[in-house]
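Engineer: Quick one: structure below, then a few questions.
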Amino acid sequence: MAAAKVAAPKISPVRLDELRDDDAPDFQRGERYDGVRLTRVSADGEELSGADFIECELNGVSFNETQLRGATFRECIFSEPYAPVFMAARTSWQDVEITNPRWGSAELYEGNWRSVRIDGGKLDYVNLRGSKLMDIQISDCIINELDLGGCTGTRLALKNCTIGTLDVTGAKLKDVDLRTSEFRGINGLAGLAGVVIDDYQLSLMAPLLAGHLGIRVV
């Protein structure tokens with residue numbers, strides 16, 4: 001069988017220069033944080049709706065139950081971000097690198113993501129329903145449930161990930177590469193149009209596809 005042709009994500013490397021360290025940031029709703037380095041600080045429970053983080057480095061920052069609705073992250077590097085409850089609906093992410101996130105329930109629905117890379121980490125529930133995703137790569141990550149229902153995804157790659165349940169109900173996908181990743185269950189099989197899988201994944205999905213099409217195997 002000829003190898004499937006799939007366009008790879010176009011990820012722009014993030015380069016940050018002349019950052020200033022801020023050990024006690026004054027977190028406020030709608031504030032702009034530009035060119036700062038935050039290390040092991042806590043924003044737990046803060047109201048940061050509409051805040052802008054531009055050219056920032058965030059190391060071990062805790063955002064547990066922080067309200068980040070409508071926030072913007074552009075040209076940012078995250079290292080070990082922590083949040084058992086990550087409240088970031090309708091956020092915008094562009095040119096962002098995230099390493100080893102520790103998120104429990106991540107509410108990221110109706111967001112806009114472009115040129116984002118996530119490496120490593122363990123995530124419980126990632127809700128990206130209704131989001132627009134372009135040029136996204138997620139590698140070596142464990143995700144119990146990844147919800148892409150109703151999203152639009154172009155050039156999305158999941159590499160060496162372990163996914164409990166993948167939900168693509170109503171999704172519109174193009175050049176989405178799932179090869180090398182493992183899934184225990186998939187919801188919304190019709191949403192897999194535009195996805196590339198390998199032969200082994202196809203064999204595992206055969207019973208689900210047969211059930212979806214009403215085929216009986218005896």
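Ligands are numbered from 1 in the order shown, residues from 1 within each chain, and chains are lettered A, B, ... in the order they appear in the structure tokens.
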Give me, as a PyMOL selection string, all polymer residues having an atom no more than 9 Å from Thr154 in chain A, counting only C-alpha atoms and skipping those fewer than 3 positions away in the same chain.
Structural biologist: chain A and resi 7+9+132-136+172-176
Engineer: Show which residues sit within 9 Å of range 63-69 of chain A, as JSON, numbers by chain. Count only C-alpha atoms, and ignore same-chain residues fewer than 3 positions away.
Structural biologist: {"A": [29, 42, 43, 44, 45, 46, 47, 48, 49, 50, 51, 72, 81, 82, 83, 84, 85, 86, 87, 88, 89, 90, 91, 103, 108]}
Engineer: Convert the current residue selection to file output with N, CA, C and O atoms, as an mmCIF file, in the first residue's frame.
Structural biologist:
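Heads up, here's the output in again_9.cif:
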```cif
data_model
loop_
_atom_site.group_PDB
_atom_site.id
_atom_site.type_symbol
_atom_site.label_atom_id
_atom_site.label_comp_id
_atom_site.auth_asym_id
_atom_site.auth_seq_id
_atom_site.Cartn_x
_atom_site.Cartn_y
_atom_site.Cartn_z
ATOM 1 N N ARG A 29 -7.618 41.239 35.507
ATOM 2 C CA ARG A 29 -8.470 41.004 34.344
ATOM 3 C C ARG A 29 -8.112 41.978 33.219
ATOM 4 O O ARG A 29 -7.930 43.176 33.439
ATOM 5 N N SER A 42 1.956 31.515 41.324
ATOM 6 C CA SER A 42 0.592 31.003 41.342
ATOM 7 C C SER A 42 -0.396 32.087 40.936
ATOM 8 O O SER A 42 -0.356 33.202 41.458
ATOM 9 N N ALA A 43 -1.261 31.699 39.980
ATOM 10 C CA ALA A 43 -2.375 32.569 39.611
ATOM 11 C C ALA A 43 -3.690 31.886 39.983
ATOM 12 O O ALA A 43 -4.745 32.226 39.447
ATOM 13 N N ASP A 44 -3.633 30.955 40.918
ATOM 14 C CA ASP A 44 -4.801 30.154 41.288
ATOM 15 C C ASP A 44 -5.970 31.042 41.698
ATOM 16 O O ASP A 44 -5.833 31.941 42.545
ATOM 17 N N GLY A 45 -7.121 30.792 41.075
ATOM 18 C CA GLY A 45 -8.338 31.486 41.450
ATOM 19 C C GLY A 45 -8.436 32.926 40.987
ATOM 20 O O GLY A 45 -9.426 33.602 41.282
ATOM 21 N N GLU A 46 -7.439 33.412 40.244
ATOM 22 C CA GLU A 46 -7.456 34.804 39.809
ATOM 23 C C GLU A 46 -8.458 35.008 38.655
ATOM 24 O O GLU A 46 -8.787 34.088 37.921
ATOM 25 N N GLU A 47 -8.924 36.238 38.488
ATOM 26 C CA GLU A 47 -9.793 36.619 37.371
ATOM 27 C C GLU A 47 -8.925 37.276 36.298
ATOM 28 O O GLU A 47 -8.487 38.418 36.450
ATOM 29 N N LEU A 48 -8.647 36.502 35.220
ATOM 30 C CA LEU A 48 -7.764 36.988 34.168
ATOM 31 C C LEU A 48 -8.445 36.944 32.802
ATOM 32 O O LEU A 48 -7.776 36.827 31.773
ATOM 33 N N SER A 49 -9.758 37.054 32.785
ATOM 34 C CA SER A 49 -10.477 37.059 31.511
ATOM 35 C C SER A 49 -9.955 38.184 30.616
ATOM 36 O O SER A 49 -9.751 39.312 31.066
ATOM 37 N N GLY A 50 -9.724 37.855 29.342
ATOM 38 C CA GLY A 50 -9.289 38.860 28.386
ATOM 39 C C GLY A 50 -7.858 39.323 28.525
ATOM 40 O O GLY A 50 -7.435 40.258 27.836
ATOM 41 N N ALA A 51 -7.075 38.665 29.376
ATOM 42 C CA ALA A 51 -5.672 39.061 29.538
ATOM 43 C C ALA A 51 -4.864 38.657 28.307
ATOM 44 O O ALA A 51 -5.209 37.710 27.596
ATOM 45 N N THR A 72 -5.431 35.770 25.502
ATOM 46 C CA THR A 72 -4.591 35.549 24.330
ATOM 47 C C THR A 72 -3.184 35.157 24.764
ATOM 48 O O THR A 72 -2.609 35.779 25.665
ATOM 49 N N PRO A 81 3.226 23.658 32.983
ATOM 50 C CA PRO A 81 2.061 24.396 33.512
ATOM 51 C C PRO A 81 1.170 23.451 34.300
ATOM 52 O O PRO A 81 1.009 22.272 33.937
ATOM 53 N N TYR A 82 0.556 23.960 35.369
ATOM 54 C CA TYR A 82 -0.198 23.105 36.288
ATOM 55 C C TYR A 82 -1.586 23.676 36.513
ATOM 56 O O TYR A 82 -1.753 24.874 36.765
ATOM 57 N N ALA A 83 -2.593 22.803 36.405
ATOM 58 C CA ALA A 83 -3.965 23.226 36.693
ATOM 59 C C ALA A 83 -4.885 22.010 36.735
ATOM 60 O O ALA A 83 -5.236 21.469 35.688
ATOM 61 N N PRO A 84 -5.272 21.552 37.925
ATOM 62 C CA PRO A 84 -6.285 20.497 37.996
ATOM 63 C C PRO A 84 -7.578 20.905 37.301
ATOM 64 O O PRO A 84 -8.262 20.083 36.710
ATOM 65 N N VAL A 85 -7.902 22.214 37.364
ATOM 66 C CA VAL A 85 -9.044 22.759 36.630
ATOM 67 C C VAL A 85 -8.530 23.956 35.834
ATOM 68 O O VAL A 85 -8.159 24.985 36.403
ATOM 69 N N PHE A 86 -8.478 23.789 34.502
ATOM 70 C CA PHE A 86 -7.935 24.834 33.631
ATOM 71 C C PHE A 86 -9.096 25.475 32.877
ATOM 72 O O PHE A 86 -9.694 24.870 31.987
ATOM 73 N N MET A 87 -9.421 26.706 33.226
ATOM 74 C CA MET A 87 -10.604 27.399 32.698
ATOM 75 C C MET A 87 -10.170 28.411 31.640
ATOM 76 O O MET A 87 -9.899 29.571 31.944
ATOM 77 N N ALA A 88 -10.079 27.941 30.374
ATOM 78 C CA ALA A 88 -9.526 28.783 29.314
ATOM 79 C C ALA A 88 -10.366 28.698 28.046
ATOM 80 O O ALA A 88 -9.847 28.500 26.946
ATOM 81 N N ALA A 89 -11.670 28.856 28.190
ATOM 82 C CA ALA A 89 -12.561 28.827 27.032
ATOM 83 C C ALA A 89 -12.349 30.067 26.166
ATOM 84 O O ALA A 89 -12.023 31.146 26.660
ATOM 85 N N ARG A 90 -12.539 29.888 24.858
ATOM 86 C CA ARG A 90 -12.487 30.979 23.879
ATOM 87 C C ARG A 90 -11.173 31.743 23.929
ATOM 88 O O ARG A 90 -11.134 32.960 23.696
ATOM 89 N N THR A 91 -10.100 31.049 24.217
ATOM 90 C CA THR A 91 -8.776 31.657 24.226
ATOM 91 C C THR A 91 -8.137 31.557 22.847
ATOM 92 O O THR A 91 -8.515 30.739 22.015
ATOM 93 N N TRP A 103 -2.559 19.083 33.341
ATOM 94 C CA TRP A 103 -3.912 19.630 33.379
ATOM 95 C C TRP A 103 -4.895 18.516 33.689
ATOM 96 O O TRP A 103 -4.813 17.426 33.125
ATOM 97 N N LEU A 108 -11.153 24.239 27.023
ATOM 98 C CA LEU A 108 -10.526 25.044 25.971
ATOM 99 C C LEU A 108 -11.444 25.193 24.766
ATOM 100 O O LEU A 108 -10.991 25.467 23.656
#
```
Engineer: Please provide as a short mmCIF file (atom, residue, chain, number, x, y, z; two decimals) with N, CA and C atoms, in the first residue's frame all residues within 7 Å of Leu128 in chain A, with the sequence filter that same-chain residues fewer than 3 positions apart are discarded (counting only C-alpha atoms).
Structural biologist:
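Wrote it out as around.cif, contents follow:
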```cif
data_model
loop_
_atom_site.label_atom_id
_atom_site.label_comp_id
_atom_site.auth_asym_id
_atom_site.auth_seq_id
_atom_site.Cartn_x
_atom_site.Cartn_y
_atom_site.Cartn_z
N LEU A 108 -11.15 24.24 27.02
CA LEU A 108 -10.53 25.04 25.97
C LEU A 108 -11.44 25.19 24.77
N TYR A 109 -12.73 25.03 24.99
CA TYR A 109 -13.67 25.02 23.88
C TYR A 109 -13.78 26.39 23.20
N GLU A 110 -14.15 26.32 21.89
CA GLU A 110 -14.37 27.52 21.07
C GLU A 110 -13.14 28.43 21.04
N SER A 131 -13.55 24.44 18.42
CA SER A 131 -12.35 25.26 18.23
C SER A 131 -11.87 25.22 16.79
N ASP A 147 -11.60 15.79 23.33
CA ASP A 147 -12.88 16.13 22.71
C ASP A 147 -12.65 17.17 21.61
N LEU A 148 -12.75 16.71 20.35
CA LEU A 148 -12.62 17.59 19.20
C LEU A 148 -13.96 17.77 18.50
#
```
Engineer: Would you mind reading off the distance between CA of Ile98 in chain A and CA of Thr180 in chain A, one decimal, in Å?
Structural biologist: 20.3 Å
Engineer: Counting only C-alpha atoms, which of A:Glu145, A:Asp17, A:Asp167, A:Glu55 gets nearest to Tyr125 in chain A?
Structural biologist: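 The answer is A:Glu145, which sits nearest to Tyr125 in chain A.
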Engineer: Pick out the closest residue to Pro207 in chain A from this set: A:Leu189, A:Phe53, A:Arg179, A:Val6. Count only C-alpha atoms.
Structural biologist: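 Nearest to Pro207 in chain A: A:Leu189.
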Engineer: Using Å and a single decimal, report how far CA of Cys161 in chain A sits from CA of Ser181 in chain A.
Structural biologist: 4.7 Å
Engineer: Nearest to Asp177 in chain A: which of A:Arg32, A:Lys122, A:Arg155, A:Arg40 is it, counting only C-alpha atoms?
Structural biologist: A:Arg155
Engineer: Calculated over only C-alpha atoms, which of the candidates A:Cys151, A:Thr162, A:Ala190, A:Gln94 has the smallest distance to Gly121 in chain A?
Structural biologist: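 Of A:Cys151, A:Thr162, A:Ala190, A:Gln94, the one nearest Gly121 in chain A, counting only C-alpha atoms, is A:Thr162.
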